[in-house]
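Structure first, commentary second.
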Amino acid sequence: MTRPSDGDPADPPGRPVPPRGAGGRPAGRDHPAGGRGAGGPAVPAGRRPAADPPRADTPHADEDPPADAAPPAAPEEEPEPSVDDQLRALGEHGADDTDLQDAIQAKLIAERVASRLQRDPSGMRIGNLALFNGSVTVGSGFHFSAPDGSPATGARGVRRVDAARLAAQVERYLRPPHFDDALDRLWQHRLLVLAARQGTGRQTAALNLLAEVLAMSGDGGEGDGSCFHVTDIEAVADTDWKPPTEGCGYVVLLDGVMSASTMWTAEAIDEHWLAAKADRLREARSFMVVVTGPPRGALVEASARSLHVVTSLGDVDLLAVVERHALGPAPDAGARAALRRRLAESNALTLLTEERPEPQVAIQVATAVRDDEDLARTVTALRDPTGQVHAWFGQHRDVESICMAIAAAVLEDGAYLAFSDAAVRLYEALTPTTGPPPDLRFWEQLSAGHPWIEVVAGDGPAPPRVRFRNPLVQQAVLAYVWTNFDGRRPALLEWLRGLVTDRHIGVRARAAVAAGVIAWCDHGHAVRRYLRSWALDRSWALRQGAATALAVMGANPGLTAATWRLLESWAREDETEAGRRLAATAVTAVGGHLGGAQPERALRLIRQALDGEGSRTLLPAVFSLARLVELDRTAEVLNALLEWSEPQDSSPLVAKALGIFATVTCEPPATVADEDAGLVRRSSPGDGPPPLLLAQARDHLPQLAELWARALARKPAQTYALERLRDCLDAYADHDPVIRRNLTAVLVEVATRPGRHRERLAWHLGAWARDDDRPSSSAAHIRDALARAR
């Protein structure tokens, strides 16, 4: 408990504390020149910290120096400020500090993003993705590849589609809304371009269109009723190409396919090619369906003018597809109801309506039902993003598509324009050019080649957001890119570093989370390759990004122990300026869910860092302890502060502990109202919730009274504690009856302790109540309560 303070040199009350603004910043005091930010140093006013962001031409710490390079000269370090100066600088970082508010908001957004990764335990178990030995394709089952990955060619560049397989497709096919219109166009014009995005069942639709139109034609040619897959794309690009067998149907897959010699793609399809090809098909009494992605290039104009082009067949009811394939064309009501229950119990409904709303997936689910397989296991396999990601990257090699996938993974659920800007920056990094800016139109391509990504409209004025349909895909994409894109890893890391220090708060937060997810692949390599160098950097934003990434890394159960060992080793680094940056990063990293899960361990780490001589850990400790209070670890935090200040002398650790207590007690909880509008912090009545420790004061009355008594008893903590107490009166107690009652109860309890606590409080409360510029009604109320409690 508090020792009697009679004879304490700080005991006799001096002049009143200078007035401070409601946000905690002294009225009329200039803001310090630097040193702001979570993980940044607390520096005396007017002194520029040594932790300025690096210049753009400064070599990054990520880059390993040559083995024979001479060690760099140690920079001259400024002397560490006194504890008095540290507390004074701590007071400079108030609620009106924009940089700190950005730092806090980025931290909260990162926690919210990271928490989504932990909602599904399977997301933590993906780990290192297995590498496929052979090629993998996606679609509805009508891709043809040779074992070596080269196009499979048959006689005259075509391959017959198995008749039994085609019959099964026709028998169970559920026509989409605009199928009949497309069939009519094919019947009349012999040629149809089905320009639709992947995952819509377009290839199955193409085969059904051909089967139907051939049945209608009744041509008695050599290949009557047969369908062929065209494998020689270069040949079919020629307008003079003729079907090798008359009276048949031909399907051409032209989505992402390019001939090495002609460079011909779907973008080259124009009205001239359509007319010429239709004439050749008519001469051969044959039909053709060309399957492409959504129109691009010349096909855009052709789709607007020509009846040969159809851009959508309409959405089909996927549950009806499952019923048709699993139960047949006319199931009874009982069988349908039982099927729906089974789909719901196995999470197949979520799979089909949210994560993978694709006809191909519905057919796989139906096959499992029809064959009486374990449906839950089938759904789990279909949800597993590993195969999806490997298949997609195996098929898509163009830089534009790859940049979209990577940017979506790093900025998952972020605003569309932030996503597109990041994707453009990555594209420029991977394809450097001195010419004009590339004509990139990501919005068009998202729906064309990325069925796993959706753009969700925001509410009201909120911007649209880009996210994966299955949230586990984010991790799978990041893991694939990090472990497979060997030649592009340096450029990717430089791009990610730029996002971690971006001016957009949401971009910074999401990029830091992505850096932590990447660390799940090989945490040792991630620490050596970028996390340690970020934590050593002079930029507070980069250090905060490292702290966030480490917290995400520690959230993986398999990496929790390794993360704690790393952070605890960093917390002991206090002999050099660089080491103190590591310690500050470690303190920042445990101020969230990682520390909330093991509060005693987090508090020991913070104590270790505060015990050093450096000042960099003071401000991070304030924010980390405040965050632990918000995570309902109040009792542990207060007990730790009591332990750290137990000597009740003028030692640095005691002064720091009491200064931290006074700050945390009077700080309102941090909240994020809008990622683009900024952080909502209470600086005047009605702006937000009051400080948690004041709102919950009666639950922790003995601990709060003891800590306030210690903070008000002796300098250097005394001066700072009085300033913060006055802030609480002005900002909260004068306007909130609950806070006034709670603060009254705490200070009355302080006054009952031996020594001059009552006298000191009465003097300062009286001075604040009589202040000509800012008279405090709550100060007068509490002073009267102290007099009545004698």
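Each chain of the structure tokens is named A, B, ... in the order shown, its residues numbered from 1; ligands are numbered from 1 in display order.
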Polymer residues at most 12 Å from segment 631-640 of chain A, only C-alpha atoms, same-chain spacing of 2 or more positions, as a compact mmCIF listing (two decimals) with C-alpha atoms, in the first residue's frame:
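For reference, around_5.txt as written:
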```
# COMPACT_ATOMS: atom_id res chain seq x y z
CA LEU A 108 -7.61 -1.94 -35.06
CA GLU A 111 -6.99 -6.90 -35.79
CA GLY A 591 -0.82 -5.21 -27.48
CA GLY A 592 -3.69 -7.10 -29.07
CA HIS A 593 -5.16 -10.57 -29.30
CA LEU A 594 -1.74 -12.22 -29.02
CA GLY A 595 -1.19 -10.58 -25.64
CA GLY A 596 -4.84 -10.91 -24.70
CA ALA A 597 -4.56 -14.69 -24.99
CA GLN A 598 -1.52 -14.75 -22.65
CA PRO A 599 -1.72 -11.49 -20.64
CA GLU A 600 0.77 -12.44 -17.94
CA ARG A 601 3.39 -13.25 -20.57
CA ALA A 602 2.66 -10.03 -22.45
CA LEU A 603 3.00 -7.97 -19.28
CA ARG A 604 6.33 -9.59 -18.42
CA LEU A 605 7.57 -8.72 -21.91
CA ILE A 606 6.44 -5.09 -21.56
CA ARG A 607 8.10 -4.88 -18.13
CA ALA A 621 3.53 0.32 -23.80
CA VAL A 622 0.74 2.85 -23.29
CA SER A 624 -0.55 -2.00 -25.71
CA LEU A 625 -1.77 -1.79 -22.12
CA ALA A 626 -4.77 0.29 -23.19
CA ARG A 627 -5.60 -2.35 -25.79
CA LEU A 628 -5.32 -5.14 -23.20
CA VAL A 629 -7.80 -3.22 -21.04
CA LEU A 642 1.01 -2.06 -8.97
CA GLU A 643 3.91 -4.48 -9.06
CA TRP A 644 6.07 -2.25 -11.26
CA SER A 645 5.50 0.80 -9.05
CA GLU A 646 5.79 -1.04 -5.72
CA VAL A 654 8.25 3.48 -11.18
CA ALA A 657 4.60 2.74 -14.71
CA LEU A 658 2.71 5.57 -13.03
CA ILE A 660 1.46 4.88 -18.19
CA PHE A 661 -1.29 4.36 -15.60
CA ALA A 662 -2.35 8.01 -15.69
CA VAL A 664 -4.35 4.60 -19.82
CA THR A 665 -6.86 5.60 -17.14
CA PRO A 669 -11.31 3.25 -26.02
CA ALA A 670 -10.27 3.36 -29.64
CA LEU A 692 -12.98 2.19 -19.66
CA LEU A 693 -11.07 2.41 -16.37
CA LEU A 694 -13.23 5.35 -15.28
CA GLN A 696 -15.53 0.48 -14.56
CA ALA A 697 -13.91 2.18 -11.58
CA ASP A 699 -15.12 -2.88 -10.11
CA HIS A 700 -11.45 -2.08 -9.46
CA LEU A 701 -11.67 0.57 -6.76
CA PRO A 702 -8.81 -0.59 -4.45
CA GLN A 703 -6.30 -0.95 -7.31
CA LEU A 704 -7.25 2.36 -8.95
CA ALA A 705 -7.13 4.26 -5.64
CA GLU A 706 -3.70 2.84 -4.78
CA LEU A 707 -2.26 3.68 -8.21
CA TRP A 708 -3.68 7.21 -8.17
```
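Residues in contact with Asp180 of chain A at up to 12 Å, not including ones fewer than 5 positions away on its chain and judged by only C-alpha atoms, are A:Leu174, A:Arg175, A:Arg185, A:Leu186, A:Trp187, A:Ala205, A:Asn208, A:Leu209, A:Glu212, A:Val213, A:Val310, A:Leu313, A:Gly314.
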Written selection (N, CA and C atoms) as a CSV table (one decimal), in the first residue's frame:
```csv
chain,number,residue,atom,x,y,z
A,174,LEU,N,-29.8,-28.8,-67.1
A,174,LEU,CA,-30.9,-27.9,-66.8
A,174,LEU,C,-30.7,-26.6,-67.5
A,175,ARG,N,-31.6,-26.3,-68.4
A,175,ARG,CA,-31.4,-25.1,-69.3
A,175,ARG,C,-31.4,-23.8,-68.5
A,185,ARG,N,-30.3,-18.8,-82.4
A,185,ARG,CA,-29.2,-18.1,-83.1
A,185,ARG,C,-28.3,-19.1,-83.8
A,186,LEU,N,-27.9,-20.2,-83.0
A,186,LEU,CA,-27.0,-21.2,-83.6
A,186,LEU,C,-27.7,-21.9,-84.8
A,187,TRP,N,-29.0,-22.2,-84.7
A,187,TRP,CA,-29.7,-22.9,-85.7
A,187,TRP,C,-29.7,-22.0,-87.0
A,205,ALA,N,-22.8,-25.9,-71.6
A,205,ALA,CA,-23.8,-25.3,-72.4
A,205,ALA,C,-23.5,-25.4,-73.9
A,208,ASN,N,-24.3,-28.9,-75.1
A,208,ASN,CA,-25.7,-29.1,-75.2
A,208,ASN,C,-26.4,-28.3,-76.3
A,209,LEU,N,-25.9,-27.1,-76.6
A,209,LEU,CA,-26.3,-26.4,-77.8
A,209,LEU,C,-26.1,-27.2,-79.1
A,212,GLU,N,-28.3,-30.3,-79.3
A,212,GLU,CA,-29.7,-29.9,-79.6
A,212,GLU,C,-29.8,-29.6,-81.1
A,213,VAL,N,-28.9,-28.7,-81.6
A,213,VAL,CA,-29.0,-28.2,-82.9
A,213,VAL,C,-28.8,-29.4,-84.0
A,310,VAL,N,-23.3,-14.1,-78.0
A,310,VAL,CA,-24.1,-14.1,-76.8
A,310,VAL,C,-23.2,-14.0,-75.6
A,313,LEU,N,-26.0,-16.6,-70.8
A,313,LEU,CA,-27.2,-17.4,-70.9
A,313,LEU,C,-28.1,-17.3,-69.7
A,314,GLY,N,-27.7,-16.4,-68.7
A,314,GLY,CA,-28.5,-16.2,-67.5
A,314,GLY,C,-28.1,-17.2,-66.4
```
Could you pull out the strand (DSSP E) residues of segment 175-336 of chain A from DSSP and send them as a CSV table (one decimal) with N, CA, C and O atoms, in the first residue's frame?
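Written file, selection_32.csv:
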```
chain,number,residue,atom,x,y,z
A,191,LEU,N,-23.0,-20.4,-86.4
A,191,LEU,CA,-21.9,-20.1,-85.6
A,191,LEU,C,-22.4,-19.3,-84.4
A,191,LEU,O,-23.2,-18.3,-84.5
A,192,LEU,N,-21.9,-19.6,-83.2
A,192,LEU,CA,-22.3,-18.9,-82.0
A,192,LEU,C,-21.0,-18.7,-81.1
A,192,LEU,O,-20.3,-19.6,-80.9
A,193,VAL,N,-20.8,-17.5,-80.7
A,193,VAL,CA,-19.7,-17.2,-79.8
A,193,VAL,C,-20.3,-17.0,-78.4
A,193,VAL,O,-21.1,-16.1,-78.2
A,194,LEU,N,-20.0,-17.8,-77.5
A,194,LEU,CA,-20.5,-17.8,-76.1
A,194,LEU,C,-19.5,-17.1,-75.3
A,194,LEU,O,-18.5,-17.7,-74.8
A,195,ALA,N,-19.6,-15.8,-75.1
A,195,ALA,CA,-18.6,-14.9,-74.4
A,195,ALA,C,-19.0,-14.7,-73.0
A,195,ALA,O,-19.7,-13.7,-72.6
A,227,CYS,N,-19.9,-34.7,-82.0
A,227,CYS,CA,-19.4,-33.4,-81.6
A,227,CYS,C,-17.9,-33.5,-81.5
A,227,CYS,O,-17.3,-34.6,-81.0
A,228,PHE,N,-17.1,-32.5,-81.9
A,228,PHE,CA,-15.7,-32.5,-81.8
A,228,PHE,C,-15.2,-31.3,-81.1
A,228,PHE,O,-15.8,-30.2,-81.1
A,229,HIS,N,-14.1,-31.5,-80.4
A,229,HIS,CA,-13.4,-30.4,-79.7
A,229,HIS,C,-12.2,-30.0,-80.6
A,229,HIS,O,-11.4,-30.8,-81.0
A,230,VAL,N,-12.2,-28.8,-81.0
A,230,VAL,CA,-11.1,-28.3,-81.9
A,230,VAL,C,-9.9,-28.0,-81.1
A,230,VAL,O,-9.9,-27.2,-80.1
A,249,GLY,N,-20.8,-31.1,-85.1
A,249,GLY,CA,-20.8,-29.9,-84.2
A,249,GLY,C,-19.3,-29.8,-83.7
A,249,GLY,O,-18.7,-30.7,-83.4
A,250,TYR,N,-18.9,-28.5,-83.6
A,250,TYR,CA,-17.5,-28.2,-83.2
A,250,TYR,C,-17.5,-27.2,-82.0
A,250,TYR,O,-18.2,-26.2,-82.1
A,251,VAL,N,-16.7,-27.5,-81.0
A,251,VAL,CA,-16.6,-26.5,-79.9
A,251,VAL,C,-15.2,-26.1,-79.8
A,251,VAL,O,-14.2,-26.9,-79.9
A,252,VAL,N,-15.0,-24.8,-79.7
A,252,VAL,CA,-13.6,-24.2,-79.6
A,252,VAL,C,-13.5,-23.5,-78.3
A,252,VAL,O,-14.3,-22.5,-78.0
A,253,LEU,N,-12.5,-23.8,-77.5
A,253,LEU,CA,-12.3,-23.1,-76.2
A,253,LEU,C,-11.2,-22.1,-76.5
A,253,LEU,O,-10.0,-22.4,-76.8
A,287,PHE,N,-22.0,-27.0,-87.4
A,287,PHE,CA,-22.3,-25.9,-86.5
A,287,PHE,C,-21.0,-25.8,-85.6
A,287,PHE,O,-20.3,-26.8,-85.3
A,288,MET,N,-20.9,-24.6,-85.0
A,288,MET,CA,-19.7,-24.3,-84.2
A,288,MET,C,-20.1,-23.4,-83.0
A,288,MET,O,-20.8,-22.4,-83.3
A,289,VAL,N,-19.6,-23.7,-81.8
A,289,VAL,CA,-19.8,-22.8,-80.7
A,289,VAL,C,-18.3,-22.5,-80.2
A,289,VAL,O,-17.6,-23.4,-79.9
A,290,VAL,N,-18.0,-21.2,-80.2
A,290,VAL,CA,-16.7,-20.7,-79.7
A,290,VAL,C,-16.9,-20.2,-78.3
A,290,VAL,O,-17.7,-19.3,-78.1
A,291,VAL,N,-16.2,-20.7,-77.3
A,291,VAL,CA,-16.3,-20.3,-75.9
A,291,VAL,C,-15.2,-19.4,-75.6
A,291,VAL,O,-14.0,-19.7,-75.7
A,292,THR,N,-15.5,-18.2,-75.1
A,292,THR,CA,-14.5,-17.2,-74.7
A,292,THR,C,-14.9,-16.6,-73.4
A,292,THR,O,-16.0,-16.8,-72.9
A,309,VAL,N,-23.0,-13.4,-81.4
A,309,VAL,CA,-22.3,-13.4,-80.1
A,309,VAL,C,-23.4,-13.3,-79.0
A,309,VAL,O,-24.3,-12.5,-79.1
A,310,VAL,N,-23.3,-14.1,-78.0
A,310,VAL,CA,-24.1,-14.1,-76.8
A,310,VAL,C,-23.2,-14.0,-75.6
A,310,VAL,O,-22.2,-14.7,-75.5
```
Handout entry: Straight-line distance linking atom CA of Val477 of chain A with atom CA of His525 of chain A, stated in Å to one decimal
Key = 18.2 Å
Practice task
Go through segment 168-293 of chain A and collect every residue that DSSP, computed from the backbone, puts in alpha helix (DSSP H); the answer should be as a PyMOL selection string.
Solution key: chain A and resi 168-172+179-189+202-217+233-237+271-283
Exercise for the section: Give me the residues within 10 Å of Leu343 of chain A as a list of chain:residue names, counting only C-alpha atoms and dropping any in the same chain fewer than 4 places off. Expected result: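 So, after excluding close chain neighbours, the residues are A:Leu319, A:Val322, A:Ala337, A:Ala338, A:Leu339, A:Asn347, A:Ala348, A:Leu349, A:Thr350, A:Leu351, A:Leu352, A:Val365, A:Ala366, A:Val369, A:Leu375, A:Ala376, A:Val379.
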Export N, CA and C atoms of the chosen residues as a CSV table (one decimal), in the first residue's frame?
```csv
chain,number,residue,atom,x,y,z
A,319,LEU,N,-29.4,-25.1,-56.8
A,319,LEU,CA,-30.0,-26.2,-56.1
A,319,LEU,C,-30.9,-27.1,-57.0
A,322,VAL,N,-28.5,-29.5,-58.6
A,322,VAL,CA,-28.2,-30.6,-57.7
A,322,VAL,C,-29.4,-31.6,-57.8
A,337,ALA,N,-37.2,-32.6,-50.1
A,337,ALA,CA,-37.0,-32.0,-48.8
A,337,ALA,C,-35.8,-32.7,-48.1
A,338,ALA,N,-35.7,-34.0,-48.2
A,338,ALA,CA,-34.6,-34.7,-47.6
A,338,ALA,C,-33.3,-34.3,-48.2
A,339,LEU,N,-33.2,-34.0,-49.5
A,339,LEU,CA,-32.0,-33.5,-50.1
A,339,LEU,C,-31.6,-32.2,-49.6
A,347,ASN,N,-23.2,-28.2,-45.0
A,347,ASN,CA,-22.6,-26.9,-45.5
A,347,ASN,C,-22.6,-26.8,-47.0
A,348,ALA,N,-23.2,-27.7,-47.7
A,348,ALA,CA,-23.2,-27.6,-49.2
A,348,ALA,C,-24.0,-26.3,-49.6
A,349,LEU,N,-25.0,-25.9,-48.9
A,349,LEU,CA,-25.8,-24.7,-49.2
A,349,LEU,C,-24.9,-23.5,-49.2
A,350,THR,N,-24.1,-23.4,-48.2
A,350,THR,CA,-23.1,-22.2,-48.1
A,350,THR,C,-22.1,-22.3,-49.2
A,351,LEU,N,-21.6,-23.5,-49.5
A,351,LEU,CA,-20.7,-23.6,-50.6
A,351,LEU,C,-21.3,-23.1,-51.9
A,352,LEU,N,-22.5,-23.5,-52.2
A,352,LEU,CA,-23.1,-23.2,-53.5
A,352,LEU,C,-23.7,-21.8,-53.6
A,365,VAL,N,-21.4,-32.0,-56.2
A,365,VAL,CA,-22.2,-32.2,-55.0
A,365,VAL,C,-23.3,-33.3,-55.3
A,366,ALA,N,-23.9,-33.1,-56.5
A,366,ALA,CA,-25.0,-34.0,-56.9
A,366,ALA,C,-24.4,-35.4,-57.1
A,369,VAL,N,-24.1,-37.1,-53.8
A,369,VAL,CA,-25.4,-37.5,-53.3
A,369,VAL,C,-25.8,-38.7,-54.0
A,375,LEU,N,-21.1,-36.7,-47.9
A,375,LEU,CA,-21.3,-35.4,-48.5
A,375,LEU,C,-20.5,-34.3,-47.8
A,376,ALA,N,-20.4,-34.5,-46.5
A,376,ALA,CA,-19.6,-33.5,-45.7
A,376,ALA,C,-18.1,-33.5,-46.1
A,379,VAL,N,-17.9,-31.8,-49.5
A,379,VAL,CA,-18.0,-30.3,-49.4
A,379,VAL,C,-16.7,-29.7,-48.8
```
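We find atom CA of Pro81 of chain A and atom CA of Lys107 of chain A to be spaced 27.3 Å apart.
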Problem - Å distance separating atom CA of Asp270 of chain A from atom CA of Leu307 of chain A, one decimal place - result: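 For atom CA of Asp270 of chain A relative to atom CA of Leu307 of chain A, the distance reads 12.2 Å.
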Exercise for the section: Quick one: everything within 9 Å of Thr563 of chain A, counting only C-alpha atoms, minus sequence neighbours fewer than 6 positions away in the same chain. Send it as a PyMOL selection string. Expected result: chain A and resi 523+550-551+553-555
Exercise for the section: Find the residues near Glu271 of chain A: any atom within 6 Å, counting only C-alpha atoms, skip ones fewer than 2 places away on the same chain, and give them as a PyMOL selection string. Expected result: chain A and resi 273-274+302
